[in-house]
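S.K.: The structure under discussion is supplied below as structure tokens; questions concerning it will follow.
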Amino acid sequence: MVSGCGPLTANELREEVSGLHSNAAEGALMAHEVALNKSRSTLTRVHAQELSADNAASEEKLSDAIVSNGLQHDVNEAIGLADEAATTLDQLALDPKDEATAADAERKLMGIAAKLDQLKAGL
Amino acid sequence: MNSKIFQIALGILAAIGGFVDIGDIVFASQSGAAYGYGLIWAVLVGVIGIATFAEMSGRVAIASQRPVFAVVRQRLGFGAGLITLIASQVVNLLTLTAEIGGIAIVLNLFFEVTYSTFIPIAVIALAIIIWVTPFEWIEKLFGYIGLAMLVFLVSAIHLHPDWSAIGHGAIPHGHSTALYWYFAVGLIAAGLMPYEVYFYSSGAIEERWKTKDLGINRANALLGFGLGGLLSISLIVLAAEVFHPLGVQPSFLATPILSAGVAFGEIGIVIAMVGVLFAVGGAAIDSCFSGAYNMAQFLGWEWGKYRKAAGAPRFTISWMVMLALAFIIVSTGVDPVAVTEYSVIFSVFALPLTYFPLLLIARDKTFMGKHANGPLATFMGWLYFLVIIVAAVAAVPLMFITNVGAG
């Protein structure tokens, strides 16, 4: 969690990136189920919106945080990936029954989760 | 035989409402996602503890025809009794708030309107159910439909768990991280939530149990709470199978429901939603009634659903006030999952004050006669009292160190 007082620490950023990774991985799992026609559209739509909103909140926190030069690049990368994941989750929420959209969303979200994992490992 | 089976409805409702409420559903899933099968032992510790105290509270209610809170006031006196009342009511109110939020979340997942639309609907539905439905039908409605939660058990088995790792996880073992102990304390506290015994012992009187029902009491405590624990373990196992390998940290009620879909597709999701809706609804009823029972029993008012509203007007007003307060709190937009995590951790303060007087009276032969605790119940009671004290001391530091479980 970004504390809001003092500059952002590497630990705080790692925690935030963990949450973003979790959202992306969960979104990918949900998209996988939709792609296999194994989900319920109401759950997919509502939960994709929840995950997207959580990403947006995280993005805002990171954007507002005071960042030391050493972490600026990592913070920017995390913000970019959070935004990309939120956009993909929003697409899934818009069309929660379309198997092709879901398969595409799964692929994108898995890629984002992998990048977030790498980012976390480097912190 | 048939009627005997139906007589364990009280235990099932108390356990499903107590063990697998919104907090426990998310908490168990989080612990499974974070530590695999490693925290199953904490649920077992909680199950044995709550079964011990529930059996004791039911026995005291049967032998003395007095529920737990009347005993608390008698043994602790007005001052300490009042502190217990305040601590318990805070936990009851926080729990009720969280459960109402949980009902609204599940209805939103079902019907996709908006979360805030379903909050007043949930409160009105609960008020109508409590007003018009006899106590035994409330038990059956929420207890038995809540058994749809068994979909999590079936899903966990369907996904081929690692049985030897489950066996290893059932044995208590240590870990170096504070987060692990935060989850351990939380799972134990969630199992021992005091509203479960307030509701259970008052329910024994609502159902007019007599000494011939001591066997029913024992069966309720063991089978009902055993079932609740099994469901809680199922959620841990399922999260260990589905979320742990992916690095998912469940923080939404939808996440555990999604795991039932991984096993059984849309039908799994629908059954899980029904189960969660009735488990969370049952917990709302448990905590709402517990709040009203506590007030009435502490202040010596007439109480009991069986008396009807006119026969126990202050009791009736109490549950209505509980519902109204919870409605106001949840309408402010607080996160129900976060509220329930605080209520679980805060409950550890109410636990010693609830279970200590119960333990004293249950072993008192002058009060209980031949139904007083035997050596095993006394040993288990004191052992668990020690566990509760340790949990109470550790809870708040762990909450701060782990940033309320955020890591």
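In the structure tokens, the first chain shown is A, the next is B, and so on; residue numbers restart at 1 for each chain, and ligands run from 1 in the order shown.
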Within 12 Å of chain A, which residues of chain B are there when counting only C-alpha atoms? Please give them as JSON, numbers by chain.
M.R.: {"B": [30, 33, 34, 105, 106, 107, 108, 109, 110, 111, 112, 113, 114, 115, 239, 242, 243, 244, 245, 246, 247, 248, 249, 250, 251, 252, 253, 254, 255, 256, 257, 258, 259, 260, 261, 262, 263, 264, 265, 266, 267, 268, 269, 270, 271, 272, 273, 402, 403, 404, 405, 406, 407]}
S.K.: Can you spit out the residues from that selection as a CSV table (one decimal), in the first residue's frame, using C-alpha atoms?
M.R.:
```csv
chain,number,residue,atom,x,y,z
B,30,GLN,CA,-6.6,-15.7,0.9
B,33,ALA,CA,-3.8,-18.7,-2.1
B,34,ALA,CA,-0.9,-17.4,0.0
B,105,ILE,CA,-22.4,-8.3,-3.7
B,106,VAL,CA,-23.8,-11.8,-4.5
B,107,LEU,CA,-27.1,-10.4,-5.7
B,108,ASN,CA,-25.1,-8.0,-8.0
B,109,LEU,CA,-23.1,-11.0,-9.3
B,110,PHE,CA,-26.4,-12.7,-10.0
B,111,PHE,CA,-28.4,-9.9,-11.5
B,112,GLU,CA,-25.9,-7.3,-12.5
B,113,VAL,CA,-27.8,-4.2,-11.4
B,114,THR,CA,-25.6,-2.2,-8.9
B,115,TYR,CA,-24.3,-3.1,-5.5
B,239,ALA,CA,-7.7,-21.7,-3.4
B,242,VAL,CA,-6.6,-22.7,-8.3
B,243,PHE,CA,-5.1,-19.4,-7.1
B,244,HIS,CA,-1.8,-20.4,-5.4
B,245,PRO,CA,0.0,-21.4,-8.6
B,246,LEU,CA,-1.1,-18.3,-10.4
B,247,GLY,CA,-0.1,-15.8,-7.6
B,248,VAL,CA,-3.7,-14.6,-7.3
B,249,GLN,CA,-4.5,-12.9,-3.9
B,250,PRO,CA,-8.3,-13.1,-3.5
B,251,SER,CA,-9.7,-9.9,-2.2
B,252,PHE,CA,-13.2,-10.0,-3.7
B,253,LEU,CA,-16.1,-12.3,-2.9
B,254,ALA,CA,-16.4,-13.1,-6.6
B,255,THR,CA,-12.9,-14.8,-6.6
B,256,PRO,CA,-13.8,-17.9,-4.5
B,257,ILE,CA,-17.0,-18.2,-6.5
B,258,LEU,CA,-14.9,-18.2,-9.7
B,259,SER,CA,-13.0,-21.2,-8.4
B,260,ALA,CA,-16.1,-23.3,-8.3
B,261,GLY,CA,-16.5,-22.4,-12.0
B,262,VAL,CA,-13.1,-23.7,-12.8
B,263,ALA,CA,-14.3,-27.1,-11.6
B,264,PHE,CA,-17.9,-27.2,-12.9
B,265,GLY,CA,-18.4,-24.2,-15.2
B,266,GLU,CA,-21.5,-22.1,-15.1
B,267,ILE,CA,-23.5,-24.5,-13.0
B,268,GLY,CA,-20.7,-24.5,-10.4
B,269,ILE,CA,-20.8,-20.7,-10.3
B,270,VAL,CA,-24.6,-20.6,-9.9
B,271,ILE,CA,-24.6,-23.2,-7.1
B,272,ALA,CA,-21.7,-21.4,-5.4
B,273,MET,CA,-23.5,-18.1,-5.6
B,402,THR,CA,0.9,-7.0,8.1
B,403,ASN,CA,-1.1,-3.9,7.2
B,404,VAL,CA,-4.4,-5.9,7.8
B,405,GLY,CA,-3.1,-8.8,5.8
B,406,ALA,CA,-1.9,-6.8,2.8
B,407,GLY,CA,1.6,-8.2,3.3
```
S.K.: Quick one: residues within 9 Å of Ile285 in chain B, only C-alpha atoms, excluding same-chain residues fewer than 5 positions away - as a PyMOL selection string?
M.R.: chain B and resi 17+96+126+130+138+142+280+290
S.K.: Ranking A:Leu94, A:Ala86, A:Gly80, A:Gln72 by minimum distance to Asn55 in chain A and counting only C-alpha atoms, which one comes first?
M.R.: A:Ala86
S.K.: Which one is closest to Ala121 in chain A: A:Ala57, A:Leu13, A:Leu8, A:Ala35? Count only C-alpha atoms.
M.R.: A:Leu13
S.K.: Suppose you want the space between CA of Ser29 in chain B and CA of Ala56 in chain A; what is it in Å?
M.R.: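 Separation between CA of Ser29 in chain B and CA of Ala56 in chain A: 23.8 Å.
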S.K.: Which residues come within 9 Å of range 83-92 of chain B, counting only C-alpha atoms, excluding same-chain residues fewer than 3 positions away, as a PyMOL selection string?
M.R.: chain B and resi 69+72-73+78-80+95-97+193-195+286-288+290-291+294-295+298+322+342-344+346-347+349-351+353-354
S.K.: Rounded to one decimal in Å, what is the spacing between CA of Phe367 in chain B and CA of Ile388 in chain B?
M.R.: 24.9 Å
S.K.: What residues in range 84-331 of chain B get the DSSP label alpha helix (DSSP H)? Please answer as a PyMOL selection string.
M.R.: chain B and resi 84-111+115-132+135-145+150-158+163-169+178-191+194-206+214-219+225-242+254-299+308-311+313-331
S.K.: If I take CA of Ala82 in chain A and CA of Ile112 in chain A, how far is one from the other in Å, to one decimal?
M.R.: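 That distance, rounded to one decimal, is 8.5 Å.
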S.K.: Any idea what's packed within 12 Å of Val321 in chain B, counting only C-alpha atoms, ignoring anything in its chain fewer than 2 positions away? Could you give it as JSON, numbers by chain?
M.R.: {"B": [89, 93, 96, 123, 127, 288, 289, 291, 292, 295, 314, 315, 316, 317, 318, 319, 323, 324, 325, 326, 327, 328]}
